[in-house]
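**Student:** So I've got this file, final-v5.pdb, and it contains PDB, C-alpha atoms, pLDDT in the B column:
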```
ATOM      1  CA  ILE A   1      10.302   9.404   3.838  1.00 85.00           C
ATOM      2  CA  ASN A   2       7.744  10.147   6.580  1.00 78.00           C
ATOM      3  CA  GLY A   3       9.174   7.311   8.656  1.00 74.00           C
ATOM      4  CA  SER A   4       7.666   4.465   6.648  1.00 76.00           C
ATOM      5  CA  GLU A   5       7.714   5.190   2.917  1.00 86.00           C
ATOM      6  CA  ILE A   6      10.575   3.586   0.999  1.00 91.00           C
ATOM      7  CA  TYR A   7      11.903   4.787  -2.360  1.00 93.00           C
ATOM      8  CA  TYR A   8      14.966   3.605  -4.243  1.00 92.00           C
ATOM      9  CA  THR A   9      17.324   5.596  -6.438  1.00 91.00           C
ATOM     10  CA  GLY A  10      20.535   4.994  -8.325  1.00 88.00           C
ATOM     11  CA  ALA A  11      23.813   6.495  -7.154  1.00 91.00           C
ATOM     12  CA  GLN A  12      23.484   9.388  -9.606  1.00 92.00           C
ATOM     13  CA  GLY A  13      19.888  10.138  -8.565  1.00 90.00           C
ATOM     14  CA  ASN A  14      18.633  10.000 -12.147  1.00 93.00           C
ATOM     15  CA  TYR A  15      15.947   7.435 -11.442  1.00 92.00           C
ATOM     16  CA  LEU A  16      13.454   6.906  -8.664  1.00 92.00           C
ATOM     17  CA  ILE A  17      11.739   3.597  -8.060  1.00 91.00           C
ATOM     18  CA  GLU A  18       8.636   3.355  -5.942  1.00 93.00           C
ATOM     19  CA  GLY A  19       7.425  -0.091  -4.881  1.00 92.00           C
ATOM     20  CA  ASN A  20       8.624  -3.293  -3.308  1.00 94.00           C
ATOM     21  CA  LEU A  21      12.137  -4.617  -3.737  1.00 92.00           C
ATOM     22  CA  ILE A  22      11.968  -8.401  -3.783  1.00 94.00           C
ATOM     23  CA  ASP A  23      14.948 -10.744  -3.312  1.00 94.00           C
ATOM     24  CA  LEU A  24      13.874 -13.517  -5.682  1.00 96.00           C
ATOM     25  CA  ARG A  25      16.515 -16.019  -4.580  1.00 95.00           C
ATOM     26  CA  ALA A  26      15.699 -15.687  -0.894  1.00 95.00           C
ATOM     27  CA  LYS A  27      11.985 -15.091  -1.628  1.00 95.00           C
ATOM     28  CA  ARG A  28      11.930 -12.069   0.683  1.00 95.00           C
ATOM     29  CA  ASN A  29      10.226  -8.721   0.338  1.00 95.00           C
ATOM     30  CA  LEU A  30      13.062  -6.440   1.455  1.00 94.00           C
ATOM     31  CA  THR A  31      10.882  -3.321   1.408  1.00 91.00           C
ATOM     32  CA  GLU A  32       8.270  -4.917   3.652  1.00 88.00           C
ATOM     33  CA  GLU A  33      10.960  -6.068   6.082  1.00 88.00           C
ATOM     34  CA  ARG A  34      12.406  -2.556   6.261  1.00 90.00           C
ATOM     35  CA  VAL A  35       9.002  -0.913   6.769  1.00 84.00           C
ATOM     36  CA  THR A  36       8.293  -3.404   9.561  1.00 81.00           C
ATOM     37  CA  LYS A  37      11.501  -2.348  11.314  1.00 84.00           C
ATOM     38  CA  LEU A  38      10.837   1.358  10.762  1.00 83.00           C
ATOM     39  CA  THR A  39       7.298   1.207  12.139  1.00 81.00           C
ATOM     40  CA  ALA A  40       8.018  -1.089  15.089  1.00 83.00           C
ATOM     41  CA  ILE A  41       6.774   0.202  18.428  1.00 90.00           C
ATOM     42  CA  GLN A  42       8.812  -0.570  21.524  1.00 91.00           C
ATOM     43  CA  PHE A  43       6.307  -2.384  23.693  1.00 94.00           C
ATOM     44  CA  ASP A  44       8.035  -1.476  26.945  1.00 94.00           C
ATOM     45  CA  ASN A  45       7.759   2.227  26.061  1.00 94.00           C
ATOM     46  CA  LEU A  46       3.973   2.141  25.711  1.00 97.00           C
ATOM     47  CA  PRO A  47       2.235   4.206  28.427  1.00 97.00           C
ATOM     48  CA  LEU A  48       0.263   1.288  29.868  1.00 97.00           C
ATOM     49  CA  LYS A  49      -1.347   3.612  32.437  1.00 97.00           C
ATOM     50  CA  ASP A  50      -3.427   4.965  29.547  1.00 97.00           C
ATOM     51  CA  ALA A  51      -4.790   1.516  28.721  1.00 98.00           C
ATOM     52  CA  PHE A  52      -6.949  -0.941  30.598  1.00 97.00           C
ATOM     53  CA  THR A  53      -6.207  -4.634  30.721  1.00 97.00           C
ATOM     54  CA  ILE A  54      -8.129  -7.707  29.754  1.00 96.00           C
ATOM     55  CA  VAL A  55      -6.576 -10.893  31.119  1.00 95.00           C
ATOM     56  CA  ARG A  56      -7.478 -14.363  29.912  1.00 94.00           C
ATOM     57  CA  GLY A  57      -6.060 -17.506  31.486  1.00 94.00           C
ATOM     58  CA  ASN A  58      -2.642 -16.971  33.057  1.00 96.00           C
ATOM     59  CA  GLY A  59      -2.090 -13.768  31.044  1.00 94.00           C
ATOM     60  CA  LYS A  60       1.545 -14.642  30.374  1.00 96.00           C
ATOM     61  CA  ARG A  61       1.543 -13.509  26.737  1.00 96.00           C
ATOM     62  CA  ARG A  62       1.093  -9.778  26.183  1.00 97.00           C
ATOM     63  CA  MET A  63      -0.119  -7.547  23.385  1.00 97.00           C
ATOM     64  CA  ALA A  64      -1.466  -4.033  22.987  1.00 97.00           C
ATOM     65  CA  VAL A  65      -4.398  -3.073  20.803  1.00 97.00           C
ATOM     66  CA  PHE A  66      -5.559   0.336  19.605  1.00 97.00           C
ATOM     67  CA  GLU A  67      -9.298   0.279  18.915  1.00 97.00           C
ATOM     68  CA  ASP A  68     -12.208   2.612  18.288  1.00 97.00           C
ATOM     69  CA  PRO A  69     -15.592   1.593  19.742  1.00 97.00           C
ATOM     70  CA  ASN A  70     -17.299   2.443  16.423  1.00 95.00           C
ATOM     71  CA  CYS A  71     -14.988   0.247  14.353  1.00 96.00           C
ATOM     72  CA  GLY A  72     -16.814  -2.681  12.767  1.00 94.00           C
ATOM     73  CA  TYR A  73     -13.555  -4.513  12.076  1.00 95.00           C
ATOM     74  CA  CYS A  74     -12.659  -4.082  15.757  1.00 95.00           C
ATOM     75  CA  LYS A  75     -15.925  -5.722  16.797  1.00 95.00           C
ATOM     76  CA  ARG A  76     -15.206  -8.676  14.535  1.00 94.00           C
ATOM     77  CA  PHE A  77     -11.638  -8.832  15.858  1.00 95.00           C
ATOM     78  CA  GLU A  78     -12.818  -8.710  19.502  1.00 95.00           C
ATOM     79  CA  ARG A  79     -15.261 -11.550  18.926  1.00 93.00           C
ATOM     80  CA  ASP A  80     -12.491 -13.650  17.398  1.00 92.00           C
ATOM     81  CA  LEU A  81     -10.029 -12.654  20.143  1.00 93.00           C
ATOM     82  CA  GLN A  82     -12.291 -14.440  22.640  1.00 92.00           C
ATOM     83  CA  LYS A  83     -10.682 -17.686  21.380  1.00 93.00           C
ATOM     84  CA  ILE A  84      -7.216 -16.621  22.582  1.00 94.00           C
ATOM     85  CA  ASP A  85      -6.197 -17.838  26.026  1.00 94.00           C
ATOM     86  CA  ASN A  86      -3.294 -17.037  28.365  1.00 96.00           C
ATOM     87  CA  VAL A  87      -2.966 -13.444  27.212  1.00 96.00           C
ATOM     88  CA  THR A  88      -2.987  -9.958  28.692  1.00 97.00           C
ATOM     89  CA  VAL A  89      -4.397  -7.389  26.282  1.00 97.00           C
ATOM     90  CA  TYR A  90      -3.584  -3.745  26.938  1.00 98.00           C
ATOM     91  CA  MET A  91      -6.521  -1.937  25.378  1.00 98.00           C
ATOM     92  CA  PHE A  92      -5.813   1.588  24.199  1.00 98.00           C
ATOM     93  CA  LEU A  93      -9.074   3.338  23.405  1.00 98.00           C
ATOM     94  CA  TYR A  94      -8.354   5.189  20.177  1.00 97.00           C
ATOM     95  CA  PRO A  95     -11.393   7.308  19.255  1.00 97.00           C
ATOM     96  CA  ILE A  96     -10.573   8.498  15.739  1.00 96.00           C
ATOM     97  CA  LEU A  97     -13.726   7.695  13.780  1.00 95.00           C
ATOM     98  CA  GLY A  98     -15.842  10.630  14.955  1.00 89.00           C
ATOM     99  CA  ALA A  99     -17.275  12.551  17.892  1.00 86.00           C
ATOM    100  CA  ASP A 100     -19.492   9.611  18.832  1.00 93.00           C
ATOM    101  CA  SER A 101     -16.332   7.491  19.175  1.00 95.00           C
ATOM    102  CA  THR A 102     -15.045   9.925  21.768  1.00 95.00           C
ATOM    103  CA  GLU A 103     -18.285   9.814  23.777  1.00 94.00           C
ATOM    104  CA  LYS A 104     -18.385   6.009  23.748  1.00 95.00           C
ATOM    105  CA  SER A 105     -14.702   5.854  24.692  1.00 96.00           C
ATOM    106  CA  LYS A 106     -15.286   8.222  27.595  1.00 96.00           C
ATOM    107  CA  ALA A 107     -18.160   6.064  28.845  1.00 96.00           C
ATOM    108  CA  ILE A 108     -16.004   2.932  28.674  1.00 96.00           C
ATOM    109  CA  TRP A 109     -12.930   4.608  30.219  1.00 97.00           C
ATOM    110  CA  CYS A 110     -15.022   5.966  33.109  1.00 96.00           C
ATOM    111  CA  ALA A 111     -16.888   2.705  33.770  1.00 95.00           C
ATOM    112  CA  LYS A 112     -16.289   0.990  37.107  1.00 93.00           C
ATOM    113  CA  ASP A 113     -15.118  -2.118  35.231  1.00 95.00           C
ATOM    114  CA  GLN A 114     -13.558  -0.904  31.979  1.00 96.00           C
ATOM    115  CA  ALA A 115     -12.892  -4.370  30.577  1.00 95.00           C
ATOM    116  CA  LYS A 116     -16.488  -5.441  31.184  1.00 96.00           C
ATOM    117  CA  ALA A 117     -17.849  -2.234  29.641  1.00 96.00           C
ATOM    118  CA  TRP A 118     -15.620  -2.776  26.605  1.00 97.00           C
ATOM    119  CA  MET A 119     -16.689  -6.396  26.178  1.00 95.00           C
ATOM    120  CA  ASP A 120     -20.340  -5.494  26.737  1.00 95.00           C
ATOM    121  CA  TRP A 121     -20.141  -2.976  23.895  1.00 96.00           C
ATOM    122  CA  MET A 122     -17.877  -4.814  21.453  1.00 95.00           C
ATOM    123  CA  VAL A 123     -19.163  -8.368  21.898  1.00 94.00           C
ATOM    124  CA  ARG A 124     -22.700  -7.991  23.308  1.00 93.00           C
ATOM    125  CA  ASP A 125     -23.759  -4.600  21.815  1.00 91.00           C
ATOM    126  CA  GLN A 126     -24.614  -3.198  25.268  1.00 92.00           C
ATOM    127  CA  ALA A 127     -23.610   0.450  25.683  1.00 89.00           C
ATOM    128  CA  ALA A 128     -21.900   1.723  28.818  1.00 87.00           C
ATOM    129  CA  PRO A 129     -23.675   4.437  30.828  1.00 86.00           C
ATOM    130  CA  ALA A 130     -22.561   7.992  30.024  1.00 85.00           C
ATOM    131  CA  ALA A 131     -19.368   9.158  31.694  1.00 85.00           C
ATOM    132  CA  ALA A 132     -19.615  11.332  34.781  1.00 86.00           C
ATOM    133  CA  ALA A 133     -18.471  14.907  34.171  1.00 86.00           C
ATOM    134  CA  SER A 134     -15.891  14.523  36.941  1.00 92.00           C
ATOM    135  CA  CYS A 135     -14.142  11.584  35.235  1.00 94.00           C
ATOM    136  CA  ASP A 136     -10.627  12.323  33.951  1.00 95.00           C
ATOM    137  CA  THR A 137     -10.540  11.279  30.297  1.00 95.00           C
ATOM    138  CA  SER A 138      -7.200  12.901  29.414  1.00 96.00           C
ATOM    139  CA  ALA A 139      -5.812   9.400  28.694  1.00 97.00           C
ATOM    140  CA  LEU A 140      -7.968   9.319  25.558  1.00 97.00           C
ATOM    141  CA  THR A 141      -6.353  12.511  24.268  1.00 96.00           C
ATOM    142  CA  ARG A 142      -2.919  11.077  25.033  1.00 97.00           C
ATOM    143  CA  ASN A 143      -3.832   7.844  23.213  1.00 97.00           C
ATOM    144  CA  VAL A 144      -4.815   9.740  20.074  1.00 97.00           C
ATOM    145  CA  GLU A 145      -1.564  11.708  20.238  1.00 96.00           C
ATOM    146  CA  LEU A 146       0.441   8.513  20.811  1.00 96.00           C
ATOM    147  CA  GLY A 147      -1.236   6.844  17.844  1.00 95.00           C
ATOM    148  CA  ARG A 148      -0.597   9.816  15.586  1.00 92.00           C
ATOM    149  CA  ASN A 149       3.052   9.921  16.644  1.00 90.00           C
ATOM    150  CA  HIS A 150       3.359   6.254  15.685  1.00 91.00           C
ATOM    151  CA  LYS A 151       1.369   6.767  12.472  1.00 88.00           C
ATOM    152  CA  ILE A 152      -1.489   4.506  13.558  1.00 92.00           C
ATOM    153  CA  THR A 153      -4.082   5.444  10.972  1.00 91.00           C
ATOM    154  CA  GLY A 154      -6.667   2.722  11.412  1.00 93.00           C
ATOM    155  CA  THR A 155      -8.225   0.398  13.916  1.00 96.00           C
ATOM    156  CA  PRO A 156      -7.643  -2.172  15.114  1.00 97.00           C
ATOM    157  CA  THR A 157      -3.868  -1.898  15.266  1.00 96.00           C
ATOM    158  CA  LEU A 158      -2.080  -4.606  17.232  1.00 96.00           C
ATOM    159  CA  VAL A 159       1.340  -4.241  18.844  1.00 96.00           C
ATOM    160  CA  PHE A 160       3.211  -7.318  19.981  1.00 95.00           C
ATOM    161  CA  VAL A 161       5.975  -7.570  22.603  1.00 95.00           C
ATOM    162  CA  ASP A 162       8.636  -7.905  19.887  1.00 92.00           C
ATOM    163  CA  GLY A 163       7.611  -4.495  18.518  1.00 89.00           C
ATOM    164  CA  ASN A 164       5.830  -5.811  15.454  1.00 89.00           C
ATOM    165  CA  ARG A 165       2.629  -4.038  14.617  1.00 91.00           C
ATOM    166  CA  VAL A 166      -0.268  -5.354  12.580  1.00 91.00           C
ATOM    167  CA  PRO A 167      -2.738  -2.877  11.108  1.00 90.00           C
ATOM    168  CA  GLY A 168      -6.212  -4.305  10.672  1.00 92.00           C
ATOM    169  CA  ALA A 169      -8.273  -7.180  11.982  1.00 93.00           C
ATOM    170  CA  ILE A 170      -6.618 -10.586  11.885  1.00 93.00           C
ATOM    171  CA  ASP A 171      -8.058 -13.893  12.997  1.00 93.00           C
ATOM    172  CA  ALA A 172      -7.219 -15.846  16.142  1.00 92.00           C
ATOM    173  CA  LYS A 173      -4.840 -18.185  14.274  1.00 93.00           C
ATOM    174  CA  GLN A 174      -2.765 -15.253  13.061  1.00 93.00           C
ATOM    175  CA  VAL A 175      -2.727 -13.717  16.541  1.00 94.00           C
ATOM    176  CA  GLU A 176      -1.516 -17.040  17.976  1.00 93.00           C
ATOM    177  CA  LYS A 177       1.227 -17.208  15.342  1.00 91.00           C
ATOM    178  CA  LEU A 178       2.470 -13.717  16.150  1.00 90.00           C
TER     179      LEU A 178
END
```
Show me this structure written as structure tokens.

**Tutor:**
Amino acid sequence: INGSEIYYTGAQGNYLIEGNLIDLRAKRNLTEERVTKLTAIQFDNLPLKDAFTIVRGNGKRRMAVFEDPNCGYCKRFERDLQKIDNVTVYMFLYPILGADSTEKSKAIWCAKDQAKAWMDWMVRDQAAPAAAASCDTSALTRNVELGRNHKITGTPTLVFVDGNRVPGAIDAKQVEKL
């Protein structure tokens, strides 16, 4: 239901079970595995033109991140992400936490060096100058629509090349593992 909610019923439809179905012998959460498949995002279908890139090292590993500039968890995640090398991060500004998020996102999107403006704000607490009125910020609207279509309800949300998505801030070790 709704693309990611799993319910179980008997053949007659007399009973409805809500919750996780666990295979005890294999020690696998079958519901979690199914939800992961249902919510996967095809990396190659992401509109990368609506993101800016941050490249560290050779940039050979790739991931996409949806973040709001007012998200405290995102700031913690960004500081920890500094430990990851040889990665290209496609940063989708995802201003969903309020009007101020939109203004900050516009300032970052319209900055001469978007990656620097993002890092200045998220890691060094230095705000970007206000966006020029002539700057096209329609990518931000498209990002919010994209996120809603993929049921991204919180930030940060990470998307890996294999389609797996991780909602919430994880540490550098978990990012490396994925």

**Student:** Given the choices A:Ala111, A:Gly147, A:Met63, A:Arg34, which gets closest to A:Leu178 if the distance is worked out from only C-alpha atoms?

**Tutor:**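 Under the stated criterion, the closest residue is A:Met63.
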
**Student:** I'd like to know which of A:Lys60, A:Lys83, A:Lys177, A:Lys49 is closest to A:Trp109, using only C-alpha atoms.

**Tutor:** A:Lys49

**Student:** What is the atom CA of A:Asp80-atom CA of A:Val144 distance in Å, reported with one decimal?

**Tutor:**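 If I compute the distance from atom CA of A:Asp80 to atom CA of A:Val144, I get 24.8 Å.
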
**Student:** Measure the distance from atom CA of A:Ser101 to atom CA of A:Asn164 in Å and round it to one decimal.

**Tutor:**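 The value is 26.1 Å.
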
**Student:** Measure the distance from atom CA of A:Asn2 to atom CA of A:Ala99 in Å and round it to one decimal.

**Tutor:** 27.6 Å

**Student:** Any chance you could resolve the PyMOL selection byres ((chain A and resi 39) around 9) against this file and give the residues as a list in words?

**Tutor:**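 Checked against the file, the PyMOL selection byres ((chain A and resi 39) around 9) matches Gly3, Ser4, Arg34, Val35, Thr36, Lys37, Leu38, Ala40, Ile41, His150, Lys151, Gly163, Asn164 and Arg165 of chain A.
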
**Student:** Go ahead and write the selection's residues with C-alpha atoms as a JSON list (two decimals), in the frame of the given file.

**Tutor:**
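Result file follows (again28.json):
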```
[["chain", "number", "residue", "atom", "x", "y", "z"],
["A", 3, "GLY", "CA", 9.17, 7.31, 8.66],
["A", 4, "SER", "CA", 7.67, 4.46, 6.65],
["A", 34, "ARG", "CA", 12.41, -2.56, 6.26],
["A", 35, "VAL", "CA", 9.00, -0.91, 6.77],
["A", 36, "THR", "CA", 8.29, -3.40, 9.56],
["A", 37, "LYS", "CA", 11.50, -2.35, 11.31],
["A", 38, "LEU", "CA", 10.84, 1.36, 10.76],
["A", 40, "ALA", "CA", 8.02, -1.09, 15.09],
["A", 41, "ILE", "CA", 6.77, 0.20, 18.43],
["A", 150, "HIS", "CA", 3.36, 6.25, 15.68],
["A", 151, "LYS", "CA", 1.37, 6.77, 12.47],
["A", 163, "GLY", "CA", 7.61, -4.50, 18.52],
["A", 164, "ASN", "CA", 5.83, -5.81, 15.45],
["A", 165, "ARG", "CA", 2.63, -4.04, 14.62]]
```

**Student:** Smallest atom-to-atom distance to A:Ile54: which of A:Pro69, A:Gln114, A:Thr31, A:Tyr8, using all atoms listed in the file?

**Tutor:** A:Gln114

**Student:** Using all atoms listed in the file, what does the table of stretch 32-105 of chain A residues within 12 Å of stretch 120-135 of chain A look like, with each row giving the shortest atom pair and its distance in Å to one decimal, sorted by chain and ascending number, as a tab-separated table?

**Tutor:**
```
residue	atom	partner	partner_atom	distance
A:Glu67	CA	A:Met122	CA	10.3
A:Asp68	CA	A:Met122	CA	9.9
A:Pro69	CA	A:Met122	CA	7.0
A:Asn70	CA	A:Met122	CA	8.8
A:Cys71	CA	A:Met122	CA	9.2
A:Gly72	CA	A:Met122	CA	9.0
A:Tyr73	CA	A:Met122	CA	10.3
A:Cys74	CA	A:Met122	CA	7.8
A:Lys75	CA	A:Met122	CA	5.1
A:Arg76	CA	A:Met122	CA	8.4
A:Phe77	CA	A:Met122	CA	9.3
A:Glu78	CA	A:Met122	CA	6.7
A:Arg79	CA	A:Val123	CA	5.8
A:Asp80	CA	A:Val123	CA	9.6
A:Leu81	CA	A:Val123	CA	10.2
A:Gln82	CA	A:Val123	CA	9.2
A:Asp100	CA	A:Ala130	CA	11.7
A:Thr102	CA	A:Ala131	CA	10.9
A:Glu103	CA	A:Ala130	CA	7.8
A:Lys104	CA	A:Ala128	CA	7.5
A:Ser105	CA	A:Ala131	CA	9.0
```

**Student:** Since the input is missing atoms for stretch 51-62 of chain A, could you rebuild it with all heavy atoms and give the result as a PDB file, in the coordinates of the input?

**Tutor:**
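Output file result-v1.pdb is given in full below:
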```
ATOM      1  N   ALA A  51      -4.031   2.647  29.261  1.00 98.00           N
ATOM      2  CA  ALA A  51      -4.790   1.516  28.721  1.00 98.00           C
ATOM      3  C   ALA A  51      -5.437   0.787  29.889  1.00 98.00           C
ATOM      4  O   ALA A  51      -5.043   0.955  31.037  1.00 98.00           O
ATOM      5  CB  ALA A  51      -3.854   0.569  27.969  1.00 98.00           C
ATOM      6  N   PHE A  52      -6.436  -0.020  29.578  1.00 97.00           N
ATOM      7  CA  PHE A  52      -6.949  -0.941  30.598  1.00 97.00           C
ATOM      8  C   PHE A  52      -6.618  -2.344  30.132  1.00 97.00           C
ATOM      9  O   PHE A  52      -6.301  -2.571  28.961  1.00 97.00           O
ATOM     10  CB  PHE A  52      -8.444  -0.736  30.883  1.00 97.00           C
ATOM     11  CG  PHE A  52      -9.341  -0.919  29.694  1.00 97.00           C
ATOM     12  CD1 PHE A  52      -9.849  -2.165  29.363  1.00 97.00           C
ATOM     13  CD2 PHE A  52      -9.699   0.170  28.904  1.00 97.00           C
ATOM     14  CE1 PHE A  52     -10.681  -2.325  28.278  1.00 97.00           C
ATOM     15  CE2 PHE A  52     -10.526   0.022  27.818  1.00 97.00           C
ATOM     16  CZ  PHE A  52     -11.028  -1.237  27.490  1.00 97.00           C
ATOM     17  N   THR A  53      -6.642  -3.282  31.067  1.00 97.00           N
ATOM     18  CA  THR A  53      -6.207  -4.634  30.721  1.00 97.00           C
ATOM     19  C   THR A  53      -7.370  -5.614  30.715  1.00 97.00           C
ATOM     20  O   THR A  53      -8.322  -5.489  31.491  1.00 97.00           O
ATOM     21  CB  THR A  53      -5.125  -5.151  31.689  1.00 97.00           C
ATOM     22  OG1 THR A  53      -5.644  -5.102  33.013  1.00 97.00           O
ATOM     23  CG2 THR A  53      -3.865  -4.342  31.597  1.00 97.00           C
ATOM     24  N   ILE A  54      -7.232  -6.563  29.818  1.00 96.00           N
ATOM     25  CA  ILE A  54      -8.129  -7.707  29.754  1.00 96.00           C
ATOM     26  C   ILE A  54      -7.224  -8.924  29.857  1.00 96.00           C
ATOM     27  O   ILE A  54      -6.323  -9.100  29.028  1.00 96.00           O
ATOM     28  CB  ILE A  54      -8.923  -7.724  28.434  1.00 96.00           C
ATOM     29  CG1 ILE A  54      -9.779  -6.463  28.320  1.00 96.00           C
ATOM     30  CG2 ILE A  54      -9.774  -8.983  28.332  1.00 96.00           C
ATOM     31  CD1 ILE A  54     -10.399  -6.245  26.951  1.00 96.00           C
ATOM     32  N   VAL A  55      -7.423  -9.730  30.890  1.00 95.00           N
ATOM     33  CA  VAL A  55      -6.576 -10.893  31.119  1.00 95.00           C
ATOM     34  C   VAL A  55      -7.399 -12.155  30.919  1.00 95.00           C
ATOM     35  O   VAL A  55      -8.494 -12.283  31.467  1.00 95.00           O
ATOM     36  CB  VAL A  55      -5.962 -10.873  32.544  1.00 95.00           C
ATOM     37  CG1 VAL A  55      -5.080 -12.083  32.767  1.00 95.00           C
ATOM     38  CG2 VAL A  55      -5.186  -9.582  32.768  1.00 95.00           C
ATOM     39  N   ARG A  56      -6.853 -13.050  30.117  1.00 94.00           N
ATOM     40  CA  ARG A  56      -7.478 -14.363  29.912  1.00 94.00           C
ATOM     41  C   ARG A  56      -6.469 -15.436  30.317  1.00 94.00           C
ATOM     42  O   ARG A  56      -5.290 -15.340  29.973  1.00 94.00           O
ATOM     43  CB  ARG A  56      -7.877 -14.542  28.448  1.00 94.00           C
ATOM     44  CG  ARG A  56      -9.005 -13.639  28.046  1.00 94.00           C
ATOM     45  CD  ARG A  56      -9.591 -14.035  26.689  1.00 94.00           C
ATOM     46  NE  ARG A  56     -10.562 -13.048  26.288  1.00 94.00           N
ATOM     47  CZ  ARG A  56     -10.283 -11.968  25.549  1.00 94.00           C
ATOM     48  NH1 ARG A  56      -9.080 -11.776  25.108  1.00 94.00           N
ATOM     49  NH2 ARG A  56     -11.226 -11.110  25.252  1.00 94.00           N
ATOM     50  N   GLY A  57      -6.951 -16.437  31.038  1.00 94.00           N
ATOM     51  CA  GLY A  57      -6.060 -17.506  31.486  1.00 94.00           C
ATOM     52  C   GLY A  57      -4.983 -16.949  32.393  1.00 94.00           C
ATOM     53  O   GLY A  57      -5.235 -16.077  33.213  1.00 94.00           O
ATOM     54  N   ASN A  58      -3.738 -17.419  32.195  1.00 96.00           N
ATOM     55  CA  ASN A  58      -2.642 -16.971  33.057  1.00 96.00           C
ATOM     56  C   ASN A  58      -2.074 -15.611  32.635  1.00 96.00           C
ATOM     57  O   ASN A  58      -1.251 -15.047  33.343  1.00 96.00           O
ATOM     58  CB  ASN A  58      -1.530 -18.024  33.115  1.00 96.00           C
ATOM     59  CG  ASN A  58      -0.857 -18.262  31.775  1.00 96.00           C
ATOM     60  OD1 ASN A  58      -0.885 -17.428  30.873  1.00 96.00           O
ATOM     61  ND2 ASN A  58      -0.229 -19.428  31.641  1.00 96.00           N
ATOM     62  N   GLY A  59      -2.490 -15.099  31.484  1.00 94.00           N
ATOM     63  CA  GLY A  59      -2.090 -13.768  31.044  1.00 94.00           C
ATOM     64  C   GLY A  59      -0.621 -13.614  30.713  1.00 94.00           C
ATOM     65  O   GLY A  59      -0.124 -12.499  30.586  1.00 94.00           O
ATOM     66  N   LYS A  60       0.099 -14.718  30.530  1.00 96.00           N
ATOM     67  CA  LYS A  60       1.545 -14.642  30.374  1.00 96.00           C
ATOM     68  C   LYS A  60       1.981 -13.999  29.058  1.00 96.00           C
ATOM     69  O   LYS A  60       3.002 -13.342  29.009  1.00 96.00           O
ATOM     70  CB  LYS A  60       2.133 -16.034  30.607  1.00 96.00           C
ATOM     71  CG  LYS A  60       2.880 -16.669  29.504  1.00 96.00           C
ATOM     72  CD  LYS A  60       3.395 -18.017  29.900  1.00 96.00           C
ATOM     73  CE  LYS A  60       3.170 -18.958  28.731  1.00 96.00           C
ATOM     74  NZ  LYS A  60       3.748 -20.235  28.873  1.00 96.00           N
ATOM     75  N   ARG A  61       1.213 -14.169  28.003  1.00 96.00           N
ATOM     76  CA  ARG A  61       1.543 -13.509  26.737  1.00 96.00           C
ATOM     77  C   ARG A  61       0.911 -12.125  26.735  1.00 96.00           C
ATOM     78  O   ARG A  61      -0.164 -11.934  27.300  1.00 96.00           O
ATOM     79  CB  ARG A  61       1.039 -14.339  25.555  1.00 96.00           C
ATOM     80  CG  ARG A  61       1.637 -15.748  25.567  1.00 96.00           C
ATOM     81  CD  ARG A  61       1.152 -16.577  24.430  1.00 96.00           C
ATOM     82  NE  ARG A  61      -0.278 -16.817  24.523  1.00 96.00           N
ATOM     83  CZ  ARG A  61      -0.994 -17.378  23.555  1.00 96.00           C
ATOM     84  NH1 ARG A  61      -0.429 -17.721  22.424  1.00 96.00           N
ATOM     85  NH2 ARG A  61      -2.286 -17.571  23.715  1.00 96.00           N
ATOM     86  N   ARG A  62       1.587 -11.145  26.126  1.00 97.00           N
ATOM     87  CA  ARG A  62       1.093  -9.778  26.183  1.00 97.00           C
ATOM     88  C   ARG A  62       1.007  -9.172  24.784  1.00 97.00           C
ATOM     89  O   ARG A  62       1.827  -9.464  23.927  1.00 97.00           O
ATOM     90  CB  ARG A  62       2.007  -8.904  27.042  1.00 97.00           C
ATOM     91  CG  ARG A  62       2.140  -9.399  28.460  1.00 97.00           C
ATOM     92  CD  ARG A  62       3.051  -8.519  29.291  1.00 97.00           C
ATOM     93  NE  ARG A  62       4.328  -8.294  28.633  1.00 97.00           N
ATOM     94  CZ  ARG A  62       5.067  -7.195  28.801  1.00 97.00           C
ATOM     95  NH1 ARG A  62       4.670  -6.234  29.595  1.00 97.00           N
ATOM     96  NH2 ARG A  62       6.223  -7.053  28.180  1.00 97.00           N
TER      97      ARG A  62
END
```
